[in-house]
file entry.txt (compact mmCIF, C-alpha atoms)
# COMPACT_ATOMS: atom_id res chain seq x y z
CA MET U 1 -23.77 158.33 -22.77
CA THR U 2 -21.06 160.34 -21.06
CA ALA U 3 -18.99 159.00 -18.19
CA TYR U 4 -20.14 161.77 -15.85
CA GLN U 5 -23.77 162.49 -15.32
CA HIS U 6 -25.54 164.33 -12.53
CA ALA U 7 -27.13 162.08 -9.92
CA GLU U 8 -30.52 163.69 -10.52
CA VAL U 9 -30.47 162.69 -14.19
CA SER U 10 -29.44 159.10 -13.44
CA ALA U 11 -32.06 158.86 -10.67
CA GLN U 12 -34.79 160.16 -12.97
CA MET U 13 -33.88 157.64 -15.67
CA VAL U 14 -33.91 154.79 -13.11
CA LYS U 15 -37.24 156.00 -11.70
CA ASP U 16 -38.80 156.22 -15.16
CA ALA U 17 -37.65 152.67 -15.96
CA LEU U 18 -38.96 151.30 -12.64
CA ASP U 19 -42.26 153.19 -13.00
CA GLY U 20 -42.65 151.69 -16.47
CA ALA U 21 -42.12 148.18 -15.10
CA GLY U 22 -44.83 148.59 -12.46
CA THR U 23 -45.26 145.82 -9.90
CA ARG U 24 -43.14 143.41 -11.96
CA GLY U 25 -40.01 145.43 -11.15
CA LEU U 26 -36.65 145.17 -12.89
CA THR U 27 -33.46 143.30 -12.19
CA PHE U 28 -30.20 145.24 -12.21
CA ASP U 29 -29.33 143.98 -15.70
CA GLU U 30 -32.78 144.97 -16.98
CA LEU U 31 -32.25 148.44 -15.48
CA LEU U 32 -28.98 148.68 -17.41
CA ASP U 33 -30.72 147.75 -20.66
CA GLU U 34 -33.76 149.94 -20.02
CA THR U 35 -31.84 153.10 -19.09
CA GLY U 36 -28.75 152.74 -21.28
CA LEU U 37 -26.63 153.83 -18.32
CA THR U 38 -23.42 152.26 -17.08
CA ARG U 39 -23.38 150.03 -13.98
CA CYS U 40 -21.90 152.83 -11.91
CA GLN U 41 -24.48 155.35 -13.16
CA VAL U 42 -27.37 152.99 -12.33
CA ARG U 43 -26.00 152.38 -8.82
CA TYR U 44 -25.47 156.11 -8.34
CA GLY U 45 -28.97 156.83 -9.63
CA MET U 46 -30.53 154.21 -7.34
CA ALA U 47 -28.69 155.62 -4.32
CA TYR U 48 -29.87 159.13 -5.13
CA LEU U 49 -33.40 157.91 -5.83
CA ARG U 50 -33.54 156.01 -2.53
CA GLU U 51 -32.52 159.16 -0.64
CA SER U 52 -34.74 161.62 -2.48
CA LEU U 53 -37.88 159.64 -3.33
CA ALA U 54 -39.69 160.50 -0.10
CA GLU U 55 -39.30 164.21 -0.85
CA LEU U 56 -41.11 164.05 -4.20
CA LYS U 57 -44.43 165.84 -3.84
CA ASP U 58 -46.41 164.27 -6.69
CA SER U 59 -45.29 160.69 -6.16
CA SER U 60 -46.41 157.87 -3.91
CA ALA U 61 -43.54 155.66 -5.08
CA VAL U 62 -41.55 153.64 -2.54
CA PHE U 63 -38.12 152.30 -3.51
CA THR U 64 -37.81 148.62 -2.63
CA TYR U 65 -35.58 145.69 -3.44
CA ASP U 66 -36.94 142.16 -3.30
CA PRO U 67 -34.05 139.72 -2.75
CA ARG U 68 -36.34 136.75 -3.35
CA ASP U 69 -36.95 137.80 -6.97
CA ASN U 70 -33.82 139.98 -7.25
CA VAL U 71 -35.83 142.96 -8.54
CA TYR U 72 -36.09 146.65 -7.76
CA ARG U 73 -39.46 148.41 -7.64
CA THR U 74 -41.06 151.77 -7.03
CA GLU U 75 -44.50 150.24 -6.56
CA TYR U 76 -45.64 149.75 -2.97
CA ILE U 77 -46.20 146.10 -2.10
CA PRO U 78 -46.58 145.90 1.71
CA GLU U 79 -44.86 142.57 2.34
CA VAL U 80 -41.95 143.41 0.02
CA ALA U 81 -41.55 146.87 1.55
CA ASP U 82 -41.55 145.43 5.08
CA TYR U 83 -39.02 142.76 4.13
CA TYR U 84 -36.80 145.38 2.46
CA GLU U 85 -36.95 147.70 5.49
CA ILE U 86 -36.06 144.86 7.87
CA LEU U 87 -33.05 143.97 5.69
CA ARG U 88 -31.92 147.62 5.59
CA LEU U 89 -32.31 148.03 9.35
CA GLN U 90 -30.45 144.79 9.99
CA GLY U 91 -27.58 146.01 7.83
CA ASP U 92 -27.44 149.36 9.62
CA ALA U 93 -27.69 147.67 13.02
CA THR U 94 -24.86 145.27 12.11
CA ARG U 95 -22.57 148.15 11.11
CA THR U 96 -23.43 150.03 14.30
CA LEU U 97 -22.89 146.91 16.42
CA ARG U 98 -19.46 146.30 14.88
CA MET U 99 -18.41 149.92 15.33
CA LEU U 100 -19.54 150.02 18.98
CA ALA U 101 -18.22 146.59 19.92
CA GLY U 102 -14.92 147.04 18.09
CA THR U 103 -13.92 150.57 18.98
CA VAL U 104 -16.08 152.65 21.28
CA ILE U 105 -16.81 150.16 24.08
CA PRO U 106 -13.24 148.75 24.43
CA HIS U 107 -11.67 152.23 24.34
CA SER U 108 -14.09 153.60 26.94
CA LYS U 109 -13.27 150.83 29.47
CA LEU U 110 -10.13 152.75 30.42
CA ALA U 111 -12.00 156.01 30.91
CA ARG U 112 -11.96 157.65 34.31
CA THR U 113 -14.85 160.07 33.93
CA LYS U 114 -18.33 159.23 35.10
CA GLN U 115 -19.91 160.44 31.84
CA VAL U 116 -17.89 158.07 29.67
CA ARG U 117 -18.54 155.10 31.98
CA LEU U 118 -22.28 155.86 31.90
CA LEU U 119 -22.22 156.17 28.11
CA ARG U 120 -20.35 152.86 27.84
CA ARG U 121 -23.00 151.07 29.92
CA HIS U 122 -25.75 152.49 27.68
CA LEU U 123 -23.88 151.43 24.56
CA GLU U 124 -23.41 147.91 25.92
CA VAL U 125 -27.18 147.67 26.41
CA VAL U 126 -27.70 148.85 22.81
CA VAL U 127 -25.26 146.23 21.56
CA GLU U 128 -27.01 143.43 23.45
CA ASP U 129 -30.46 144.54 22.25
CA THR U 130 -29.18 144.82 18.69
CA LYS U 131 -28.02 141.21 18.72
CA ASP U 132 -31.64 140.17 19.32
CA ILE U 133 -32.86 142.30 16.40
CA LEU U 134 -30.30 140.75 14.07
CA ALA U 135 -31.90 137.32 14.28
CA PRO U 136 -32.71 136.05 10.77
CA VAL U 137 -36.06 137.06 9.30
call {"tool": "encode", "arguments": {"input": "entry.txt", "output": "structure tokens"}}
result
Amino acid sequence: MTAYQHAEVSAQMVKDALDGAGTRGLTFDELLDETGLTRCQVRYGMAYLRESLAELKDSSAVFTYDPRDNVYRTEYIPEVADYYEILRLQGDATRTLRMLAGTVIPHSKLARTKQVRLLRRHLEVVVEDTKDILAPV
């Protein structure tokens, strides 16, 4: 296996391995063994697969990660998919909260324009609402 490989190729190899595993799914180490790719290539392939899977016309696959069993799947299991989406949204909300609370809101407190003050008030509401969403599942 070469060090460089197109993301599409890595993603297809990861998808084929996950499709072959079915509802059982595969751990990261099993994905390494199954595909023969390097750790970096598997991560790169999973990232590309996660972004492009919804655009595949002949596939009903849904990329999920189940932290309880530490496995990746392309089979749709409603409770696992919901749990995975909540974890992803919590991660994105946490990053957004930190960015807003750490940079945008403090810097805008010194603003003199009405538009920036209005935007700051809206962002503060978003930050407070986000804290409620981030409660553990």
call {"tool": "residues_around", "arguments": {"input": "entry.txt", "residues": "U:Leu37", "least_positions_apart": "6", "cutoff": "12 Å", "atoms": "only C-alpha atoms", "output": "PyMOL selection string"}}
result
chain U and resi 1-5+7+9-14+17+28-31+43-46
call {"tool": "atom_distance", "arguments": {"input": "entry.txt", "atom1": "atom CA of U:Ala54", "atom2": "atom CA of U:Asp129"}}
result
29.0 Å
call {"tool": "closest_residue", "arguments": {"input": "entry.txt", "among": "U:Gln90, U:Leu32, U:Leu123, U:Leu118", "to": "U:Thr103", "atoms": "all atoms listed in the file"}}
result
U:Leu123
call {"tool": "closest_residue", "arguments": {"input": "entry.txt", "among": "U:Leu119, U:Val127, U:Leu26, U:Leu97", "to": "U:Asp69", "atoms": "only C-alpha atoms"}}
result
U:Leu26
call {"tool": "closest_residue", "arguments": {"input": "entry.txt", "among": "U:Ala81, U:Lys114, U:Glu51, U:Val126", "to": "U:Met99", "atoms": "all atoms listed in the file"}}
result
U:Val126
call {"tool": "residues_near_point", "arguments": {"input": "entry.txt", "point": "(-18.0, 148.4, 20.3)", "cutoff": "12 Å", "atoms": "all atoms listed in the file", "output": "ChimeraX atom specification"}}
result
/U:94-109,119-128,130
call {"tool": "closest_residue", "arguments": {"input": "entry.txt", "among": "U:Glu55, U:Ala111, U:Asp132, U:Ala61", "to": "U:Ala93", "atoms": "all atoms listed in the file"}}
result
U:Asp132
call {"tool": "atom_distance", "arguments": {"input": "entry.txt", "atom1": "atom CA of U:Arg50", "atom2": "atom CA of U:Tyr65"}}
result
10.6 Å
call {"tool": "atom_distance", "arguments": {"input": "entry.txt", "atom1": "atom CA of U:Leu49", "atom2": "atom CA of U:Tyr76"}}
result
15.0 Å
call {"tool": "closest_residue", "arguments": {"input": "entry.txt", "among": "U:Val80, U:Gln41, U:His6, U:Asp19", "to": "U:Arg68", "atoms": "all atoms listed in the file"}}
result
U:Val80
call {"tool": "residues_around", "arguments": {"input": "entry.txt", "residues": "U:Pro67", "least_positions_apart": "3", "cutoff": "10 Å", "atoms": "all atoms listed in the file", "output": "PDB file with C-alpha atoms, in the coordinates of the input"}}
result
ATOM      1  CA  THR U  64     -37.810 148.620  -2.630  1.00  0.00           C
ATOM      2  CA  ASN U  70     -33.820 139.980  -7.250  1.00  0.00           C
ATOM      3  CA  VAL U  71     -35.830 142.960  -8.540  1.00  0.00           C
ATOM      4  CA  TYR U  72     -36.090 146.650  -7.760  1.00  0.00           C
ATOM      5  CA  VAL U  80     -41.950 143.410   0.020  1.00  0.00           C
ATOM      6  CA  TYR U  83     -39.020 142.760   4.130  1.00  0.00           C
ATOM      7  CA  TYR U  84     -36.800 145.380   2.460  1.00  0.00           C
ATOM      8  CA  LEU U  87     -33.050 143.970   5.690  1.00  0.00           C
TER       9      LEU U  87
END
